[in-house]
>>> print(open('run26.pdb').read())   # PDB, C-alpha atoms and all ligand atoms
ATOM      1  CA  MET L 250       0.000   0.000   0.000  1.00  0.00           C
ATOM      2  CA  GLU L 251       1.269   3.464  -0.911  1.00  0.00           C
ATOM      3  CA  LYS L 252       2.148   5.727   1.999  1.00  0.00           C
ATOM      4  CA  TYR L 253       1.159   9.400   2.066  1.00  0.00           C
ATOM      5  CA  ASP L 254       2.148  12.255   4.341  1.00  0.00           C
ATOM      6  CA  TYR L 255      -1.263  13.863   3.994  1.00  0.00           C
ATOM      7  CA  LEU L 256      -4.720  12.671   3.111  1.00  0.00           C
ATOM      8  CA  ILE L 257      -6.609  15.754   1.936  1.00  0.00           C
ATOM      9  CA  VAL L 258     -10.378  15.506   1.876  1.00  0.00           C
ATOM     10  CA  GLY L 259     -11.771  17.890  -0.749  1.00  0.00           C
ATOM     11  CA  ALA L 260     -10.206  18.979  -4.040  1.00  0.00           C
ATOM     12  CA  GLY L 261     -11.469  22.560  -3.847  1.00  0.00           C
ATOM     13  CA  LEU L 262      -9.279  25.656  -3.716  1.00  0.00           C
ATOM     14  CA  PHE L 263      -8.124  24.905  -0.189  1.00  0.00           C
ATOM     15  CA  GLY L 264      -7.287  21.224  -0.712  1.00  0.00           C
ATOM     16  CA  ALA L 265      -5.633  21.863  -4.066  1.00  0.00           C
ATOM     17  CA  ILE L 266      -3.418  24.689  -2.797  1.00  0.00           C
ATOM     18  CA  PHE L 267      -2.524  22.757   0.345  1.00  0.00           C
ATOM     19  CA  ALA L 268      -1.519  19.716  -1.722  1.00  0.00           C
ATOM     20  CA  TYR L 269       0.459  21.856  -4.165  1.00  0.00           C
ATOM     21  CA  GLU L 270       2.415  23.583  -1.405  1.00  0.00           C
ATOM     22  CA  ALA L 271       2.983  20.388   0.600  1.00  0.00           C
ATOM     23  CA  ASN L 272       4.137  18.626  -2.545  1.00  0.00           C
ATOM     24  CA  LYS L 273       6.625  21.428  -3.228  1.00  0.00           C
ATOM     25  CA  ARG L 274       8.024  20.748   0.244  1.00  0.00           C
ATOM     26  CA  GLY L 275       8.544  17.094  -0.556  1.00  0.00           C
ATOM     27  CA  LYS L 276       5.376  15.739   1.048  1.00  0.00           C
ATOM     28  CA  LYS L 277       3.298  13.083  -0.623  1.00  0.00           C
ATOM     29  CA  CYS L 278      -0.403  13.904  -0.752  1.00  0.00           C
ATOM     30  CA  LEU L 279      -3.536  12.024  -1.623  1.00  0.00           C
ATOM     31  CA  VAL L 280      -6.438  14.297  -2.488  1.00  0.00           C
ATOM     32  CA  ILE L 281      -9.878  12.707  -2.482  1.00  0.00           C
ATOM     33  CA  ASP L 282     -13.284  14.164  -3.234  1.00  0.00           C
ATOM     34  CA  LYS L 283     -16.810  12.831  -3.212  1.00  0.00           C
ATOM     35  CA  ARG L 284     -17.510  14.752  -6.406  1.00  0.00           C
ATOM     36  CA  THR L 285     -16.416  13.295  -9.717  1.00  0.00           C
ATOM     37  CA  HIS L 286     -14.293  16.311 -10.552  1.00  0.00           C
ATOM     38  CA  ILE L 287     -11.637  18.558  -9.069  1.00  0.00           C
ATOM     39  CA  ALA L 288     -11.944  22.219  -8.005  1.00  0.00           C
ATOM     40  CA  GLY L 289     -14.885  22.066  -5.590  1.00  0.00           C
ATOM     41  CA  ASN L 290     -17.287  24.960  -5.972  1.00  0.00           C
ATOM     42  CA  ILE L 291     -15.184  26.793  -8.543  1.00  0.00           C
ATOM     43  CA  TYR L 292     -15.465  23.939 -11.074  1.00  0.00           C
ATOM     44  CA  THR L 293     -16.139  25.147 -14.609  1.00  0.00           C
ATOM     45  CA  GLU L 294     -17.397  23.052 -17.471  1.00  0.00           C
ATOM     46  CA  LYS L 295     -17.196  23.994 -21.140  1.00  0.00           C
ATOM     47  CA  ILE L 296     -20.652  23.774 -22.692  1.00  0.00           C
ATOM     48  CA  GLU L 297     -21.257  25.091 -26.234  1.00  0.00           C
ATOM     49  CA  ASP L 298     -17.926  26.926 -25.954  1.00  0.00           C
ATOM     50  CA  ILE L 299     -19.045  28.722 -22.781  1.00  0.00           C
ATOM     51  CA  ASN L 300     -17.304  28.212 -19.446  1.00  0.00           C
ATOM     52  CA  VAL L 301     -20.244  27.373 -17.222  1.00  0.00           C
ATOM     53  CA  HIS L 302     -19.600  27.836 -13.492  1.00  0.00           C
ATOM     54  CA  LYS L 303     -21.426  24.745 -12.316  1.00  0.00           C
ATOM     55  CA  TYR L 304     -21.975  25.858  -8.723  1.00  0.00           C
ATOM     56  CA  GLY L 305     -22.670  29.533  -9.414  1.00  0.00           C
ATOM     57  CA  ALA L 306     -20.523  32.340 -10.794  1.00  0.00           C
ATOM     58  CA  HIS L 307     -17.108  32.590  -9.131  1.00  0.00           C
ATOM     59  CA  ILE L 308     -14.965  35.678  -9.401  1.00  0.00           C
ATOM     60  CA  PHE L 309     -11.576  35.525  -7.762  1.00  0.00           C
ATOM     61  CA  HIS L 310     -11.025  38.697  -5.748  1.00  0.00           C
ATOM     62  CA  THR L 311      -8.485  39.918  -3.240  1.00  0.00           C
ATOM     63  CA  SER L 312      -6.805  43.091  -2.061  1.00  0.00           C
ATOM     64  CA  ASN L 313      -3.678  41.201  -1.124  1.00  0.00           C
ATOM     65  CA  LYS L 314      -1.069  41.668  -3.855  1.00  0.00           C
ATOM     66  CA  SER L 315       0.930  38.571  -2.914  1.00  0.00           C
ATOM     67  CA  ILE L 316      -2.210  36.380  -3.126  1.00  0.00           C
ATOM     68  CA  TRP L 317      -3.042  37.868  -6.523  1.00  0.00           C
ATOM     69  CA  GLU L 318       0.488  37.220  -7.783  1.00  0.00           C
ATOM     70  CA  TYR L 319       0.449  33.733  -6.278  1.00  0.00           C
ATOM     71  CA  ILE L 320      -2.792  32.710  -7.998  1.00  0.00           C
ATOM     72  CA  ASN L 321      -1.672  34.196 -11.319  1.00  0.00           C
ATOM     73  CA  GLN L 322       1.091  31.602 -11.549  1.00  0.00           C
ATOM     74  CA  PHE L 323      -1.598  28.989 -12.272  1.00  0.00           C
ATOM     75  CA  ALA L 324      -3.624  30.830 -14.901  1.00  0.00           C
ATOM     76  CA  GLU L 325      -3.915  34.074 -16.797  1.00  0.00           C
ATOM     77  CA  PHE L 326      -6.877  36.056 -15.488  1.00  0.00           C
ATOM     78  CA  ASN L 327      -9.245  38.189 -17.548  1.00  0.00           C
ATOM     79  CA  ARG L 328     -10.259  41.711 -16.558  1.00  0.00           C
ATOM     80  CA  TYR L 329     -13.741  40.770 -15.441  1.00  0.00           C
ATOM     81  CA  THR L 330     -15.370  43.228 -13.059  1.00  0.00           C
ATOM     82  CA  ASN L 331     -18.373  41.963 -11.183  1.00  0.00           C
ATOM     83  CA  SER L 332     -21.123  44.525 -11.760  1.00  0.00           C
ATOM     84  CA  PRO L 333     -24.428  42.662 -11.482  1.00  0.00           C
ATOM     85  CA  ILE L 334     -27.733  43.958 -12.735  1.00  0.00           C
ATOM     86  CA  ALA L 335     -31.204  43.155 -11.498  1.00  0.00           C
ATOM     87  CA  ARG L 336     -34.313  43.056 -13.626  1.00  0.00           C
ATOM     88  CA  TYR L 337     -37.624  44.143 -12.148  1.00  0.00           C
ATOM     89  CA  LYS L 338     -40.391  43.712 -14.727  1.00  0.00           C
ATOM     90  CA  ASN L 339     -39.068  45.743 -17.691  1.00  0.00           C
ATOM     91  CA  GLU L 340     -36.632  47.816 -15.693  1.00  0.00           C
ATOM     92  CA  VAL L 341     -32.922  47.059 -15.183  1.00  0.00           C
ATOM     93  CA  TYR L 342     -31.019  48.246 -12.109  1.00  0.00           C
ATOM     94  CA  ASN L 343     -27.429  48.117 -10.903  1.00  0.00           C
ATOM     95  CA  MET L 344     -26.715  46.059  -7.795  1.00  0.00           C
ATOM     96  CA  PRO L 345     -25.722  46.485  -5.028  1.00  0.00           C
ATOM     97  CA  PHE L 346     -27.776  49.671  -4.817  1.00  0.00           C
ATOM     98  CA  ASN L 347     -25.705  52.708  -5.741  1.00  0.00           C
ATOM     99  CA  MET L 348     -26.128  56.153  -7.296  1.00  0.00           C
ATOM    100  CA  ASN L 349     -26.847  54.625 -10.724  1.00  0.00           C
ATOM    101  CA  THR L 350     -29.683  52.662  -9.097  1.00  0.00           C
ATOM    102  CA  PHE L 351     -31.045  55.706  -7.259  1.00  0.00           C
ATOM    103  CA  ASN L 352     -30.862  57.855 -10.367  1.00  0.00           C
ATOM    104  CA  LYS L 353     -32.956  55.328 -12.254  1.00  0.00           C
ATOM    105  CA  LEU L 354     -35.402  54.854  -9.370  1.00  0.00           C
ATOM    106  CA  TRP L 355     -36.006  58.494  -8.494  1.00  0.00           C
ATOM    107  CA  GLY L 356     -34.131  60.701 -10.994  1.00  0.00           C
ATOM    108  CA  VAL L 357     -31.762  61.952  -8.268  1.00  0.00           C
ATOM    109  CA  PHE L 358     -28.176  62.914  -9.096  1.00  0.00           C
ATOM    110  CA  THR L 359     -26.283  63.571  -5.876  1.00  0.00           C
ATOM    111  CA  PRO L 360     -25.711  61.467  -2.741  1.00  0.00           C
ATOM    112  CA  ASP L 361     -27.552  64.089  -0.661  1.00  0.00           C
ATOM    113  CA  GLU L 362     -30.610  63.854  -2.900  1.00  0.00           C
ATOM    114  CA  ALA L 363     -30.538  60.057  -2.716  1.00  0.00           C
ATOM    115  CA  LYS L 364     -30.154  60.081   1.083  1.00  0.00           C
ATOM    116  CA  ALA L 365     -33.056  62.503   1.403  1.00  0.00           C
ATOM    117  CA  LYS L 366     -35.231  60.258  -0.757  1.00  0.00           C
ATOM    118  CA  ILE L 367     -34.386  57.162   1.319  1.00  0.00           C
ATOM    119  CA  GLU L 368     -34.957  59.178   4.513  1.00  0.00           C
ATOM    120  CA  ASP L 369     -38.445  60.159   3.273  1.00  0.00           C
ATOM    121  CA  GLU L 370     -39.230  56.511   2.556  1.00  0.00           C
ATOM    122  CA  LEU L 371     -38.005  55.419   5.984  1.00  0.00           C
ATOM    123  CA  LYS L 372     -40.136  58.078   7.713  1.00  0.00           C
ATOM    124  CA  ALA L 373     -43.177  56.747   5.878  1.00  0.00           C
ATOM    125  CA  THR L 374     -42.656  53.166   7.100  1.00  0.00           C
ATOM    126  CA  ASN L 375     -43.519  53.476  10.794  1.00  0.00           C
ATOM    127  CA  ILE L 376     -42.051  50.076  11.685  1.00  0.00           C
ATOM    128  CA  GLU L 377     -40.678  49.864  15.230  1.00  0.00           C
ATOM    129  CA  GLU L 378     -40.078  46.151  15.794  1.00  0.00           C
ATOM    130  CA  PRO L 379     -39.914  44.262  12.466  1.00  0.00           C
ATOM    131  CA  GLN L 380     -41.906  41.036  12.695  1.00  0.00           C
ATOM    132  CA  ASN L 381     -40.557  39.429   9.532  1.00  0.00           C
ATOM    133  CA  LEU L 382     -37.999  39.863   6.755  1.00  0.00           C
ATOM    134  CA  GLU L 383     -40.269  42.119   4.712  1.00  0.00           C
ATOM    135  CA  GLU L 384     -40.675  44.584   7.561  1.00  0.00           C
ATOM    136  CA  GLN L 385     -36.984  44.428   8.391  1.00  0.00           C
ATOM    137  CA  ALA L 386     -35.954  45.197   4.791  1.00  0.00           C
ATOM    138  CA  ILE L 387     -38.463  48.063   4.510  1.00  0.00           C
ATOM    139  CA  LYS L 388     -37.174  49.480   7.776  1.00  0.00           C
ATOM    140  CA  LEU L 389     -33.611  49.386   6.390  1.00  0.00           C
ATOM    141  CA  VAL L 390     -34.058  50.738   2.840  1.00  0.00           C
ATOM    142  CA  GLY L 391     -37.680  51.772   2.413  1.00  0.00           C
ATOM    143  CA  LYS L 392     -40.542  50.396   0.364  1.00  0.00           C
ATOM    144  CA  THR L 393     -39.395  51.219  -3.199  1.00  0.00           C
ATOM    145  CA  ILE L 394     -36.025  49.472  -2.993  1.00  0.00           C
ATOM    146  CA  TYR L 395     -37.606  46.577  -1.105  1.00  0.00           C
ATOM    147  CA  GLU L 396     -40.404  46.052  -3.624  1.00  0.00           C
ATOM    148  CA  LYS L 397     -38.216  46.341  -6.705  1.00  0.00           C
ATOM    149  CA  LEU L 398     -34.871  44.910  -5.655  1.00  0.00           C
ATOM    150  CA  VAL L 399     -35.174  42.771  -2.519  1.00  0.00           C
ATOM    151  CA  LYS L 400     -38.567  41.058  -2.428  1.00  0.00           C
ATOM    152  CA  GLY L 401     -38.498  38.910  -5.594  1.00  0.00           C
ATOM    153  CA  TYR L 402     -34.865  37.885  -5.217  1.00  0.00           C
ATOM    154  CA  THR L 403     -35.270  36.954  -1.550  1.00  0.00           C
ATOM    155  CA  GLU L 404     -38.480  34.996  -2.071  1.00  0.00           C
ATOM    156  CA  LYS L 405     -36.944  33.084  -4.964  1.00  0.00           C
ATOM    157  CA  GLN L 406     -33.790  32.316  -2.995  1.00  0.00           C
ATOM    158  CA  TRP L 407     -35.611  31.084   0.105  1.00  0.00           C
ATOM    159  CA  GLY L 408     -38.646  29.598  -1.664  1.00  0.00           C
ATOM    160  CA  LYS L 409     -40.922  31.408   0.817  1.00  0.00           C
ATOM    161  CA  LYS L 410     -42.806  34.676   1.113  1.00  0.00           C
ATOM    162  CA  ALA L 411     -40.743  37.424   2.741  1.00  0.00           C
ATOM    163  CA  THR L 412     -43.530  37.842   5.297  1.00  0.00           C
ATOM    164  CA  GLU L 413     -43.001  34.217   6.359  1.00  0.00           C
ATOM    165  CA  LEU L 414     -39.239  34.622   6.843  1.00  0.00           C
ATOM    166  CA  PRO L 415     -37.729  35.787  10.147  1.00  0.00           C
ATOM    167  CA  SER L 416     -36.384  39.335  10.335  1.00  0.00           C
ATOM    168  CA  PHE L 417     -32.918  38.309  11.598  1.00  0.00           C
ATOM    169  CA  ILE L 418     -31.925  36.931   8.151  1.00  0.00           C
ATOM    170  CA  ILE L 419     -31.242  40.499   6.975  1.00  0.00           C
ATOM    171  CA  LYS L 420     -29.089  42.539   9.334  1.00  0.00           C
ATOM    172  CA  ARG L 421     -28.132  45.256   6.880  1.00  0.00           C
ATOM    173  CA  LEU L 422     -28.510  46.050   3.199  1.00  0.00           C
ATOM    174  CA  PRO L 423     -25.444  47.792   1.787  1.00  0.00           C
ATOM    175  CA  VAL L 424     -26.251  51.129   0.156  1.00  0.00           C
ATOM    176  CA  ARG L 425     -23.533  52.961  -1.780  1.00  0.00           C
ATOM    177  CA  PHE L 426     -23.604  56.639  -2.566  1.00  0.00           C
ATOM    178  CA  THR L 427     -21.132  56.492  -5.474  1.00  0.00           C
ATOM    179  CA  TYR L 428     -21.524  55.803  -9.188  1.00  0.00           C
ATOM    180  CA  ASP L 429     -19.299  52.712  -8.930  1.00  0.00           C
ATOM    181  CA  ASN L 430     -21.069  49.545 -10.101  1.00  0.00           C
ATOM    182  CA  ASN L 431     -18.220  47.275  -8.994  1.00  0.00           C
ATOM    183  CA  TYR L 432     -19.619  44.668  -6.579  1.00  0.00           C
ATOM    184  CA  PHE L 433     -16.288  44.020  -4.860  1.00  0.00           C
ATOM    185  CA  ASN L 434     -14.165  46.560  -3.052  1.00  0.00           C
ATOM    186  CA  ASP L 435     -10.997  44.530  -3.602  1.00  0.00           C
ATOM    187  CA  LEU L 436      -8.091  45.832  -5.667  1.00  0.00           C
ATOM    188  CA  TYR L 437      -7.790  42.698  -7.807  1.00  0.00           C
ATOM    189  CA  GLN L 438     -10.446  40.545  -9.406  1.00  0.00           C
ATOM    190  CA  GLY L 439     -10.938  38.299 -12.416  1.00  0.00           C
ATOM    191  CA  ILE L 440     -11.753  34.877 -13.805  1.00  0.00           C
ATOM    192  CA  PRO L 441      -9.091  32.615 -15.316  1.00  0.00           C
ATOM    193  CA  ILE L 442      -9.143  32.787 -19.106  1.00  0.00           C
ATOM    194  CA  GLY L 443     -10.438  29.376 -20.164  1.00  0.00           C
ATOM    195  CA  GLY L 444     -12.127  28.765 -16.810  1.00  0.00           C
ATOM    196  CA  TYR L 445     -10.909  27.462 -13.461  1.00  0.00           C
ATOM    197  CA  THR L 446     -10.496  23.895 -14.691  1.00  0.00           C
ATOM    198  CA  ARG L 447      -9.223  24.268 -18.209  1.00  0.00           C
ATOM    199  CA  ASN L 448      -6.752  21.396 -17.840  1.00  0.00           C
ATOM    200  CA  SER L 449      -8.764  19.378 -15.370  1.00  0.00           C
ATOM    201  CA  ARG L 450      -8.718  16.118 -17.352  1.00  0.00           C
ATOM    202  CA  LYS L 451      -4.983  16.257 -17.789  1.00  0.00           C
ATOM    203  CA  ASP L 452      -4.522  17.234 -14.127  1.00  0.00           C
ATOM    204  CA  ALA L 453      -6.833  14.508 -12.861  1.00  0.00           C
ATOM    205  CA  ARG L 454      -4.825  11.884 -14.715  1.00  0.00           C
ATOM    206  CA  ARG L 455      -1.542  13.245 -13.441  1.00  0.00           C
ATOM    207  CA  ASN L 456      -2.738  13.055  -9.826  1.00  0.00           C
TER     208      ASN L 456
HETATM  209  C1  LIG L 501     -22.969  30.304  -5.395  1.00  0.00           C
HETATM  210  C2  LIG L 501     -21.605  30.664  -4.838  1.00  0.00           C
HETATM  211  C3  LIG L 501     -20.905  31.719  -5.397  1.00  0.00           C
HETATM  212  C4  LIG L 501     -19.669  32.076  -4.872  1.00  0.00           C
HETATM  213  N1  LIG L 501     -18.994  33.087  -5.473  1.00  0.00           N
HETATM  214  C5  LIG L 501     -17.772  33.414  -5.031  1.00  0.00           C
HETATM  215  C6  LIG L 501     -17.022  34.435  -5.684  1.00  0.00           C
HETATM  216  O1  LIG L 501     -17.486  35.035  -6.673  1.00  0.00           O
HETATM  217  N2  LIG L 501     -15.800  34.739  -5.213  1.00  0.00           N
HETATM  218  C7  LIG L 501     -15.272  34.086  -4.129  1.00  0.00           C
HETATM  219  O2  LIG L 501     -14.148  34.417  -3.730  1.00  0.00           O
HETATM  220  N3  LIG L 501     -15.950  33.118  -3.488  1.00  0.00           N
HETATM  221  C8  LIG L 501     -17.168  32.750  -3.908  1.00  0.00           C
HETATM  222  N4  LIG L 501     -17.858  31.756  -3.276  1.00  0.00           N
HETATM  223  C9  LIG L 501     -17.198  31.051  -2.173  1.00  0.00           C
HETATM  224  C10 LIG L 501     -16.272  29.948  -2.736  1.00  0.00           C
HETATM  225  O3  LIG L 501     -17.053  28.970  -3.396  1.00  0.00           O
HETATM  226  C11 LIG L 501     -15.514  29.288  -1.612  1.00  0.00           C
HETATM  227  O4  LIG L 501     -14.866  30.252  -0.823  1.00  0.00           O
HETATM  228  C12 LIG L 501     -14.442  28.319  -2.122  1.00  0.00           C
HETATM  229  O5  LIG L 501     -14.949  27.474  -3.117  1.00  0.00           O
HETATM  230  C13 LIG L 501     -13.965  27.529  -0.932  1.00  0.00           C
HETATM  231  O6  LIG L 501     -13.047  26.555  -1.366  1.00  0.00           O
HETATM  232  P1  LIG L 501     -12.849  25.272  -0.496  1.00  0.00           P
HETATM  233  O7  LIG L 501     -11.766  24.471  -1.109  1.00  0.00           O
HETATM  234  O8  LIG L 501     -12.687  25.622   0.932  1.00  0.00           O
HETATM  235  O9  LIG L 501     -14.265  24.520  -0.551  1.00  0.00           O
HETATM  236  P2  LIG L 501     -15.066  23.885  -1.765  1.00  0.00           P
HETATM  237  O10 LIG L 501     -14.839  24.576  -3.054  1.00  0.00           O
HETATM  238  O11 LIG L 501     -16.475  23.759  -1.264  1.00  0.00           O
HETATM  239  O12 LIG L 501     -14.427  22.433  -1.892  1.00  0.00           O
HETATM  240  C14 LIG L 501     -14.635  21.455  -0.919  1.00  0.00           C
HETATM  241  C15 LIG L 501     -14.636  20.098  -1.594  1.00  0.00           C
HETATM  242  O13 LIG L 501     -14.646  19.102  -0.565  1.00  0.00           O
HETATM  243  C16 LIG L 501     -15.468  18.047  -0.960  1.00  0.00           C
HETATM  244  N5  LIG L 501     -15.888  17.346   0.247  1.00  0.00           N
HETATM  245  C17 LIG L 501     -16.514  17.886   1.322  1.00  0.00           C
HETATM  246  N6  LIG L 501     -16.725  16.944   2.252  1.00  0.00           N
HETATM  247  C18 LIG L 501     -16.229  15.782   1.757  1.00  0.00           C
HETATM  248  C19 LIG L 501     -16.154  14.460   2.243  1.00  0.00           C
HETATM  249  N7  LIG L 501     -16.622  14.158   3.451  1.00  0.00           N
HETATM  250  N8  LIG L 501     -15.583  13.520   1.465  1.00  0.00           N
HETATM  251  C20 LIG L 501     -15.088  13.830   0.232  1.00  0.00           C
HETATM  252  N9  LIG L 501     -15.114  15.070  -0.274  1.00  0.00           N
HETATM  253  C21 LIG L 501     -15.689  16.046   0.470  1.00  0.00           C
HETATM  254  C22 LIG L 501     -16.596  18.712  -1.730  1.00  0.00           C
HETATM  255  O14 LIG L 501     -17.181  17.787  -2.638  1.00  0.00           O
HETATM  256  C23 LIG L 501     -15.857  19.834  -2.457  1.00  0.00           C
HETATM  257  O15 LIG L 501     -15.481  19.473  -3.761  1.00  0.00           O
HETATM  258  C24 LIG L 501     -19.111  31.384  -3.762  1.00  0.00           C
HETATM  259  C25 LIG L 501     -19.830  30.308  -3.206  1.00  0.00           C
HETATM  260  C26 LIG L 501     -21.055  29.952  -3.727  1.00  0.00           C
HETATM  261  C27 LIG L 501     -21.793  28.782  -3.110  1.00  0.00           C
END
>>> encode(input="run26.pdb", output="structure tokens")
Amino acid sequence: MEKYDYLIVGAGLFGAIFAYEANKRGKKCLVIDKRTHIAGNIYTEKIEDINVHKYGAHIFHTSNKSIWEYINQFAEFNRYTNSPIARYKNEVYNMPFNMNTFNKLWGVFTPDEAKAKIEDELKATNIEEPQNLEEQAIKLVGKTIYEKLVKGYTEKQWGKKATELPSFIIKRLPVRFTYDNNYFNDLYQGIPIGGYTRNSRKDARRN
């Protein structure tokens, strides 16, 4: 029977990096996974020439330069910037809520105008002790943002009405008073060109 220094359970980012670094230091590793592929949640699969992120979109992001340089040794990253949009009926909004969102919602241009608008909405709510997620969200950002940008998404995600969900699920809803649509605040972000598992077959055989 072969002897290993480490048995690593899980071939995701953590297990893979641990094995790579241990191996560099002369340790013998066995990486196992209950899934039939490597990479854990960041696994990408090429379908119709599109890199599909099987477990949801994954954007690598960090503010730590040494981590960014480290990860770039394994793949060339594209310049992807995560700037999601949300569709409410036939309207499209930037998320998380920022000045572009507020301009489209209310026609306001400056942070002060946007703050005043949200303040007006909050005054109109009259909710002291939120009894459910809907009330909590309205208390935090007002009715307009809740109705258009929180309600549908939350109910779809949880498979329940927002009035049937407990209020503690939402502690805060980030509101940004800049025109920056970038979801992450980190200095570096991107997706490997060709996906996270471009050479996965070759790699799997090698391991
Ligand atoms: C929908 C979604 C979107 C995300 N988007 C981002 C993003 O954009 N940017 C970002 O930085 N992070 C994102 N994350 C977080 C990111 O997925 C994780 O931080 C990262 O994948 C963690 O890597 P990991 O190796 O610790 O775990 P995982 O990737 O979860 O890998 C763990 C592996 O261990 C295996 N395993 C577990 N238990 C056992 C067992 N008992 N026996 C055998 N195998 C086992 C699993 O099958 C899995 O393959 C997102 C997460 C989700 C769910």
>>> residues_near_ligand(input="run26.pdb", ligand="ligand LIG 501 (chain L)", cutoff="7 Å", atoms="all atoms listed in the file", output="PyMOL selection string")
chain L and resi 258-264+281-284+287-291+304-310
>>> write_last_selection(input="run26.pdb", atoms="C-alpha atoms", output="PDB file, in the frame of the given file")
ATOM      1  CA  VAL L 258     -10.378  15.506   1.876  1.00  0.00           C
ATOM      2  CA  GLY L 259     -11.771  17.890  -0.749  1.00  0.00           C
ATOM      3  CA  ALA L 260     -10.206  18.979  -4.040  1.00  0.00           C
ATOM      4  CA  GLY L 261     -11.469  22.560  -3.847  1.00  0.00           C
ATOM      5  CA  LEU L 262      -9.279  25.656  -3.716  1.00  0.00           C
ATOM      6  CA  PHE L 263      -8.124  24.905  -0.189  1.00  0.00           C
ATOM      7  CA  GLY L 264      -7.287  21.224  -0.712  1.00  0.00           C
ATOM      8  CA  ILE L 281      -9.878  12.707  -2.482  1.00  0.00           C
ATOM      9  CA  ASP L 282     -13.284  14.164  -3.234  1.00  0.00           C
ATOM     10  CA  LYS L 283     -16.810  12.831  -3.212  1.00  0.00           C
ATOM     11  CA  ARG L 284     -17.510  14.752  -6.406  1.00  0.00           C
ATOM     12  CA  ILE L 287     -11.637  18.558  -9.069  1.00  0.00           C
ATOM     13  CA  ALA L 288     -11.944  22.219  -8.005  1.00  0.00           C
ATOM     14  CA  GLY L 289     -14.885  22.066  -5.590  1.00  0.00           C
ATOM     15  CA  ASN L 290     -17.287  24.960  -5.972  1.00  0.00           C
ATOM     16  CA  ILE L 291     -15.184  26.793  -8.543  1.00  0.00           C
ATOM     17  CA  TYR L 304     -21.975  25.858  -8.723  1.00  0.00           C
ATOM     18  CA  GLY L 305     -22.670  29.533  -9.414  1.00  0.00           C
ATOM     19  CA  ALA L 306     -20.523  32.340 -10.794  1.00  0.00           C
ATOM     20  CA  HIS L 307     -17.108  32.590  -9.131  1.00  0.00           C
ATOM     21  CA  ILE L 308     -14.965  35.678  -9.401  1.00  0.00           C
ATOM     22  CA  PHE L 309     -11.576  35.525  -7.762  1.00  0.00           C
ATOM     23  CA  HIS L 310     -11.025  38.697  -5.748  1.00  0.00           C
TER      24      HIS L 310
END
>>> atom_distance(input="run26.pdb", atom1="CA of Pro345 in chain L", atom2="CA of Glu368 in chain L")
18.4 Å
>>> atom_distance(input="run26.pdb", atom1="CA of Phe417 in chain L", atom2="CA of Gln380 in chain L")
9.5 Å
>>> closest_residue(input="run26.pdb", among="L:Val357, L:Ile442, L:Leu422, L:Leu382", to="Glu325 in chain L", atoms="only C-alpha atoms")
L:Ile442
>>> resolve_selection(input="run26.pdb", expression="the PyMOL selection byres (((chain L and resi 364) around 12) and not hetatm)", output="list of chain:residue names")
L:Asn347, L:Met348, L:Phe351, L:Asn352, L:Trp355, L:Val357, L:Phe358, L:Thr359, L:Pro360, L:Asp361, L:Glu362, L:Ala363, L:Ala365, L:Lys366, L:Ile367, L:Glu368, L:Asp369, L:Glu370, L:Leu371, L:Val390, L:Gly391, L:Val424, L:Arg425, L:Phe426, L:Thr427
>>> atom_distance(input="run26.pdb", atom1="CA of Phe326 in chain L", atom2="CA of Thr350 in chain L")
28.9 Å
>>> closest_residue(input="run26.pdb", among="L:Lys372, L:Lys314, L:Lys405, L:Lys400", to="Gln438 in chain L", atoms="all atoms listed in the file")
L:Lys314
>>> residues_around(input="run26.pdb", residues="Glu377 in chain L", least_positions_apart="4", cutoff="10 Å", atoms="only C-alpha atoms", output="count of residues only")
3
>>> residues_around(input="run26.pdb", residues="Tyr253 in chain L", least_positions_apart="5", cutoff="8 Å", atoms="only C-alpha atoms", output="NGL selection string")
:L and (276-279)
>>> closest_residue(input="run26.pdb", among="L:Ile334, L:Leu389, L:Ile394, L:Ala373", to="Leu354 in chain L", atoms="only C-alpha atoms")
L:Ile394
>>> closest_residue(input="run26.pdb", among="L:Glu396, L:Lys409, L:Ile320, L:Asp254", to="Ala268 in chain L", atoms="all atoms listed in the file")
L:Asp254
>>> residues_around(input="run26.pdb", residues="Arg447 in chain L", least_positions_apart="5", cutoff="9 Å", atoms="all atoms listed in the file", output="MDAnalysis selection string")
chainID L and resid 293:295 441:442
>>> closest_residue(input="run26.pdb", among="L:Ile316, L:Leu398, L:Ser416, L:Glu297", to="Ala335 in chain L", atoms="only C-alpha atoms")
L:Leu398
>>> axis_aligned_box(input="run26.pdb", around="range 386-403 of chain L", padding_each_side="8 Å", output="AutoDock Vina command-line options")
--center_x -37.1 --center_y 44.4 --center_z 0.5 --size_x 22.9 --size_y 30.8 --size_z 30.5
>>> closest_residue(input="run26.pdb", among="L:Val280, L:Ile376, L:Ala265, L:Leu436", to="Lys392 in chain L", atoms="all atoms listed in the file")
L:Ile376
>>> build_atoms(input="run26.pdb", residues="range 333-337 of chain L", atoms="N, CA and C atoms", output="compact mmCIF listing (two decimals), keeping the file's coordinate frame")
# COMPACT_ATOMS: atom_id res chain seq x y z
N PRO L 333 -23.14 43.31 -11.18
CA PRO L 333 -24.43 42.66 -11.48
C PRO L 333 -25.55 43.66 -11.76
N ILE L 334 -26.52 43.17 -12.52
CA ILE L 334 -27.73 43.96 -12.74
C ILE L 334 -28.94 43.13 -12.28
N ALA L 335 -29.98 43.83 -11.91
CA ALA L 335 -31.20 43.16 -11.50
C ALA L 335 -32.33 43.61 -12.41
N ARG L 336 -33.17 42.68 -12.79
CA ARG L 336 -34.31 43.06 -13.63
C ARG L 336 -35.58 43.01 -12.78
N TYR L 337 -36.31 44.10 -12.79
CA TYR L 337 -37.62 44.14 -12.15
C TYR L 337 -38.62 44.50 -13.24
